[in-house]
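Structure file start36.csv with CSV, C-alpha atoms and all ligand atoms:
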```csv
chain,number,residue,atom,x,y,z
A,1,MET,CA,-15.6,-8.8,-11.4
A,2,ARG,CA,-14.6,-12.5,-10.7
A,3,GLY,CA,-11.2,-12.8,-12.4
A,4,VAL,CA,-8.4,-12.8,-9.8
A,5,LEU,CA,-8.1,-10.6,-6.8
A,6,ILE,CA,-4.6,-10.2,-5.3
A,7,ALA,CA,-3.0,-8.0,-2.7
A,8,VAL,CA,0.4,-6.5,-3.0
A,9,THR,CA,2.0,-5.4,0.2
A,10,GLY,CA,5.5,-4.7,1.6
A,11,GLY,CA,7.3,-2.4,3.9
A,12,ILE,CA,8.1,1.2,3.2
A,13,GLY,CA,10.5,1.5,0.3
A,14,SER,CA,10.3,-2.2,-0.5
A,15,GLY,CA,9.2,-1.7,-4.1
A,16,LYS,CA,5.4,-2.0,-4.0
A,17,THR,CA,4.8,0.9,-6.5
A,18,THR,CA,7.5,-0.6,-8.8
A,19,VAL,CA,5.6,-3.9,-8.8
A,20,THR,CA,2.1,-2.4,-9.3
A,21,ASP,CA,3.4,-0.2,-12.1
A,22,LEU,CA,4.8,-3.3,-13.9
A,23,LEU,CA,1.5,-5.2,-13.4
A,24,GLU,CA,-0.5,-2.2,-14.6
A,25,ALA,CA,1.5,-2.1,-17.8
A,26,LYS,CA,0.6,-5.7,-18.4
A,27,GLY,CA,-3.1,-4.9,-18.0
A,28,ALA,CA,-3.9,-5.4,-14.3
A,29,VAL,CA,-6.5,-3.1,-12.7
A,30,ILE,CA,-4.7,-1.3,-9.8
A,31,VAL,CA,-6.7,-0.3,-6.7
A,32,ASP,CA,-4.2,1.7,-4.5
A,33,ALA,CA,-5.1,2.2,-0.8
A,34,ASP,CA,-2.7,5.2,-0.5
A,35,VAL,CA,-4.4,7.0,-3.5
A,36,ILE,CA,-7.9,6.2,-2.2
A,37,ALA,CA,-6.9,7.3,1.4
A,38,ARG,CA,-6.3,10.8,-0.1
A,39,GLU,CA,-9.4,10.8,-2.3
A,40,VAL,CA,-11.8,10.0,0.6
A,41,VAL,CA,-10.7,13.1,2.5
A,42,GLU,CA,-10.6,15.6,-0.4
A,43,PRO,CA,-12.5,18.9,0.2
A,44,GLY,CA,-16.2,18.5,0.1
A,45,THR,CA,-16.2,14.8,1.1
A,46,PRO,CA,-18.0,13.3,4.1
A,47,GLY,CA,-14.6,11.9,5.1
A,48,LEU,CA,-13.1,15.3,5.5
A,49,ALA,CA,-16.2,16.5,7.4
A,50,ALA,CA,-15.9,13.6,9.8
A,51,LEU,CA,-12.2,14.4,10.4
A,52,VAL,CA,-13.0,18.0,11.2
A,53,GLU,CA,-15.8,16.9,13.5
A,54,ALA,CA,-13.3,14.6,15.3
A,55,PHE,CA,-10.2,16.8,15.4
A,56,GLY,CA,-11.4,20.4,14.9
A,57,PRO,CA,-11.0,22.9,12.1
A,58,GLU,CA,-7.3,23.4,13.0
A,59,ILE,CA,-6.6,20.3,10.8
A,60,LEU,CA,-7.5,22.4,7.7
A,61,ALA,CA,-5.0,24.4,5.7
A,62,ALA,CA,-5.9,27.9,4.6
A,63,ASP,CA,-7.4,26.7,1.3
A,64,GLY,CA,-9.8,24.3,3.1
A,65,ALA,CA,-7.9,21.1,2.2
A,66,LEU,CA,-6.6,18.7,4.8
A,67,ASP,CA,-3.4,19.8,6.4
A,68,ARG,CA,-1.8,16.3,6.3
A,69,PRO,CA,1.4,17.1,8.3
A,70,ARG,CA,-0.7,18.7,11.0
A,71,LEU,CA,-3.0,15.7,11.3
A,72,ALA,CA,-0.1,13.3,11.1
A,73,ALA,CA,1.6,15.1,14.0
A,74,ILE,CA,-1.6,14.9,16.1
A,75,ALA,CA,-2.0,11.2,15.3
A,76,PHE,CA,1.6,10.3,15.8
A,77,ALA,CA,1.7,11.9,19.3
A,78,ASP,CA,-1.5,10.3,20.7
A,79,PRO,CA,-2.6,6.6,20.3
A,80,ASP,CA,-6.3,7.5,20.9
A,81,ALA,CA,-6.2,10.1,18.2
A,82,ARG,CA,-4.5,7.6,15.9
A,83,ALA,CA,-7.3,5.1,16.6
A,84,ARG,CA,-10.0,7.7,15.9
A,85,LEU,CA,-8.3,8.7,12.7
A,86,ASN,CA,-8.0,5.1,11.5
A,87,GLY,CA,-11.6,4.5,12.6
A,88,ILE,CA,-12.7,7.2,10.2
A,89,VAL,CA,-10.4,6.6,7.2
A,90,HIS,CA,-10.0,2.8,7.1
A,91,PRO,CA,-13.7,2.0,6.6
A,92,LEU,CA,-13.9,4.6,3.9
A,93,VAL,CA,-10.9,3.2,2.1
A,94,ARG,CA,-12.2,-0.4,2.4
A,95,ALA,CA,-15.6,0.6,1.0
A,96,ARG,CA,-14.1,2.5,-1.9
A,97,SER,CA,-11.7,-0.3,-2.7
A,98,LYS,CA,-14.5,-2.8,-2.7
A,99,GLU,CA,-16.5,-0.6,-5.1
A,100,LEU,CA,-13.6,-0.3,-7.5
A,101,THR,CA,-12.8,-4.0,-7.3
A,102,GLU,CA,-16.4,-5.0,-7.9
A,103,GLY,CA,-16.7,-2.5,-10.8
A,104,ALA,CA,-13.7,-4.0,-12.7
A,105,PRO,CA,-14.6,-5.7,-16.0
A,106,PRO,CA,-15.3,-9.4,-15.8
A,107,GLY,CA,-12.2,-11.6,-15.8
A,108,SER,CA,-10.0,-8.7,-14.6
A,109,ILE,CA,-6.8,-9.2,-12.7
A,110,VAL,CA,-7.3,-6.8,-9.8
A,111,VAL,CA,-4.4,-5.8,-7.7
A,112,GLN,CA,-5.1,-4.1,-4.4
A,113,ALA,CA,-1.9,-2.2,-3.2
A,114,ILE,CA,-2.2,-2.2,0.6
A,115,PRO,CA,0.9,-1.1,2.4
A,116,LEU,CA,-0.4,-2.0,5.9
A,117,LEU,CA,-2.0,-5.4,5.1
A,118,ALA,CA,0.0,-7.2,7.8
A,119,GLU,CA,-0.8,-4.6,10.3
A,120,THR,CA,-4.6,-4.4,9.6
A,121,ALA,CA,-6.6,-6.9,7.7
A,122,GLY,CA,-4.2,-9.9,7.7
A,123,ARG,CA,-4.7,-12.2,4.7
A,124,GLY,CA,-8.2,-10.9,4.0
A,125,ASN,CA,-10.2,-12.7,1.2
A,126,PHE,CA,-7.6,-12.4,-1.5
A,127,ASP,CA,-6.9,-15.2,-4.0
A,128,LEU,CA,-3.2,-14.4,-3.5
A,129,VAL,CA,-1.2,-12.3,-1.2
A,130,VAL,CA,2.0,-11.0,-2.7
A,131,VAL,CA,4.7,-9.6,-0.5
A,132,VAL,CA,7.5,-7.5,-1.9
A,133,ASP,CA,10.4,-8.4,0.3
A,134,VAL,CA,13.7,-6.5,0.8
A,135,ASP,CA,16.2,-6.3,3.6
A,136,PRO,CA,15.3,-3.3,5.7
A,137,GLU,CA,18.8,-2.0,5.3
A,138,VAL,CA,18.4,-1.9,1.5
A,139,ALA,CA,15.1,-0.1,1.9
A,140,VAL,CA,16.8,2.5,4.1
A,141,GLN,CA,19.5,3.0,1.4
A,142,ARG,CA,16.9,3.4,-1.4
A,143,LEU,CA,14.7,5.7,0.6
A,144,VAL,CA,17.7,7.9,1.4
A,145,ALA,CA,19.1,7.7,-2.2
A,146,TRP,CA,15.9,8.1,-4.2
A,147,ARG,CA,13.4,9.8,-1.9
A,148,GLY,CA,15.6,12.2,-0.1
A,149,MET,CA,14.6,10.9,3.3
A,150,THR,CA,17.0,11.1,6.2
A,151,GLU,CA,18.4,7.8,7.4
A,152,GLU,CA,16.9,8.5,10.8
A,153,ASP,CA,13.4,9.1,9.4
A,154,ALA,CA,13.6,6.0,7.2
A,155,ARG,CA,14.6,3.8,10.2
A,156,ALA,CA,11.8,5.3,12.4
A,157,ARG,CA,9.2,4.6,9.7
A,158,ILE,CA,10.4,1.0,9.2
A,159,ALA,CA,10.4,0.5,13.0
A,160,ALA,CA,6.8,1.6,13.3
A,161,GLN,CA,5.6,-1.0,10.7
A,162,ALA,CA,5.2,-4.7,10.9
A,163,SER,CA,8.4,-6.7,10.9
A,164,ARG,CA,9.7,-8.4,7.8
A,165,GLU,CA,8.8,-11.8,9.4
A,166,GLU,CA,5.2,-10.7,10.2
A,167,ARG,CA,4.7,-9.7,6.6
A,168,LEU,CA,6.3,-12.9,5.2
A,169,ALA,CA,3.9,-14.9,7.4
A,170,ILE,CA,0.9,-13.8,5.3
A,171,ALA,CA,2.6,-14.2,1.9
A,172,ASP,CA,1.5,-16.7,-0.8
A,173,VAL,CA,4.1,-15.3,-3.2
A,174,VAL,CA,7.3,-13.5,-2.2
A,175,LEU,CA,8.9,-11.1,-4.7
A,176,ASP,CA,12.6,-10.6,-3.8
A,177,ASN,CA,13.6,-7.0,-4.5
A,178,SER,CA,17.1,-7.1,-3.0
A,179,ALA,CA,18.8,-7.1,-6.4
A,180,ASP,CA,18.4,-4.9,-9.5
A,181,ARG,CA,15.1,-4.1,-11.3
A,182,ALA,CA,15.7,-6.7,-14.0
A,183,HIS,CA,15.7,-9.4,-11.2
A,184,LEU,CA,12.3,-8.0,-10.0
A,185,GLU,CA,10.8,-7.8,-13.5
A,186,THR,CA,11.6,-11.5,-14.1
A,187,GLN,CA,9.7,-12.5,-11.0
A,188,VAL,CA,6.8,-10.2,-12.0
A,189,ASP,CA,6.7,-11.8,-15.4
A,190,ARG,CA,6.4,-15.2,-13.8
A,191,LEU,CA,3.7,-13.9,-11.4
A,192,TRP,CA,1.7,-12.5,-14.3
A,193,ALA,CA,1.7,-15.8,-16.2
A,194,ASP,CA,0.4,-17.5,-13.1
A,195,LEU,CA,-2.3,-14.8,-12.7
A,196,GLN,CA,-3.5,-15.2,-16.2
A,197,ARG,CA,-3.8,-19.0,-15.8
A,198,ARG,CA,-5.9,-18.3,-12.6
A,199,ALA,CA,-8.1,-15.7,-14.3
A,200,ARG,CA,-9.1,-18.0,-17.1
A,201,PRO,CA,-12.6,-19.3,-16.5
A,301,LIG,P1,6.6,3.4,-0.3
A,301,LIG,O1,6.3,2.5,0.8
A,301,LIG,O2,7.3,4.6,0.1
A,301,LIG,O3,5.3,3.7,-1.1
A,301,LIG,P2,7.3,1.4,-2.3
A,301,LIG,O4,7.2,0.2,-1.5
A,301,LIG,O5,6.1,1.7,-3.2
A,301,LIG,O6,7.6,2.6,-1.3
A,301,LIG,P3,9.0,2.0,-4.5
A,301,LIG,O7,8.5,3.4,-4.6
A,301,LIG,O8,8.5,1.0,-5.6
A,301,LIG,O9,8.6,1.3,-3.1
A,301,LIG,O10,10.5,1.8,-4.4
A,301,LIG,C1,11.3,2.6,-3.4
A,301,LIG,C2,12.4,3.3,-4.1
A,301,LIG,O11,13.4,2.4,-4.5
A,301,LIG,C3,12.0,4.0,-5.4
A,301,LIG,O12,12.7,5.2,-5.6
A,301,LIG,C4,12.4,3.0,-6.5
A,301,LIG,O13,12.6,3.6,-7.7
A,301,LIG,C5,13.6,2.3,-5.9
A,301,LIG,N1,13.7,0.9,-6.3
A,301,LIG,C6,12.8,0.0,-6.3
A,301,LIG,N2,13.2,-1.2,-6.7
A,301,LIG,C7,14.6,-1.0,-6.9
A,301,LIG,C8,15.6,-1.9,-7.3
A,301,LIG,N3,15.5,-3.2,-7.5
A,301,LIG,N4,16.9,-1.3,-7.4
A,301,LIG,C9,17.1,0.0,-7.1
A,301,LIG,N5,16.1,0.8,-6.8
A,301,LIG,C10,14.9,0.3,-6.6
```
Would you mind writing the file's structure down as structure tokens?
Ligand code: ATP
Amino acid sequence: MRGVLIAVTGGIGSGKTTVTDLLEAKGAVIVDADVIAREVVEPGTPGLAALVEAFGPEILAADGALDRPRLAAIAFADPDARARLNGIVHPLVRARSKELTEGAPPGSIVVQAIPLLAETAGRGNFDLVVVVDVDPEVAVQRLVAWRGMTEEDARARIAAQASREERLAIADVVLDNSADRAHLETQVDRLWADLQRRARP
């Protein structure tokens, strides 16, 4: 590739998808860790075979696909199981992300969406780490209003992630998503202009 490689991260409900959708509309190549994490364990993949080997066939639904809620319950209850799960899925996601990034056309602006960047890789070797930042209370309100989550669930998920400060510590660029969408879009426009300057040979 060799254009620009950036990471977009942020807490749950911070607005990562909103930002990557805006960047995609402008022409960025989006490599989304959440999407890839589902692809690498689809039926027939070595990833799913490795999970069945580690956790037993009870993690499969009747149709042979991964029973995600069941696996999530196992991993949530037991730190060892969680480590084993991550040990299988994370390397597969990294390898596939690398493949897609390297396969992007020359001069591309590639955006890797990595929700858990602060928890896992740290800064990595990105040209720019972009953090979508919002007060956790606002994220809770949005997750309840738009995603139908219970307030308790939203708070539990936020508490299980890196803190706002830990995330800001790895940021080169902070996008403030505490106001309306127009406010966010203005910042994304500015970011895009900067990325285009950087991508020019
Ligand atoms: P997740 O971590 O769950 O994947 P995310 O970080 O990708 O979430 P989004 O899906 O972009 O976040 O945003 C969370 C919710 O808040 C969505 O329903 C989105 O439409 C809404 N939202 C995002 N930004 C704003 C904003 N500035 N004002 C109001 N609602 C917003």
Determine, counting all atoms listed in the file, which protein, DNA and RNA residues have an atom within 10 Å of an atom of region 97-114 of chain A; residues of the same chain fewer than 4 positions away are not included. Present the result as a ChimeraX atom specification.
/A:1-10,16-17,19-20,23-24,26-37,91-93,118,120-121,126,128-130,192,195-196,198-201
Across A:Glu39, A:Asp21, A:Asp127, A:Glu165, the smallest distance to ligand LIG 301 (chain A), with all atoms listed in the file counted, is shown by A:Asp21
ask   = Neighbours of ligand LIG 301 (chain A) within 9 Å, counting only C-alpha atoms and all ligand atoms, as an MDAnalysis selection string?
value = chainID A and resid 9:21 34 113 115 132 138:139 141:147 176:185
Quiz item: What lies within 12 Å of Asp67 (chain A) using all atoms listed in the file, ignoring chain neighbours under 4 positions off, as a list in words?
Solution: Arg38, Val41, Glu42, Pro43, Leu48, Leu51, Val52, Phe55, Gly56, Pro57, Glu58, Ile59, Leu60, Ala61, Ala62, Asp63, Leu71, Ala72, Ala73 and Ile74 of chain A
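Closest approach to Arg123 (chain A) among A:Pro79, A:Arg96, A:Glu152, A:Ala169 is made by A:Ala169 (distances from all atoms listed in the file).
Among the candidate residues A:Glu119, A:Asp189, A:Asp153, A:Asp172, the one lying nearest to Val131 (chain A) is A:Asp172, with distances computed using only C-alpha atoms.
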note - CA of Asp78 (chain A) and CA of Ala159 (chain A) are separated by 17.2 Å
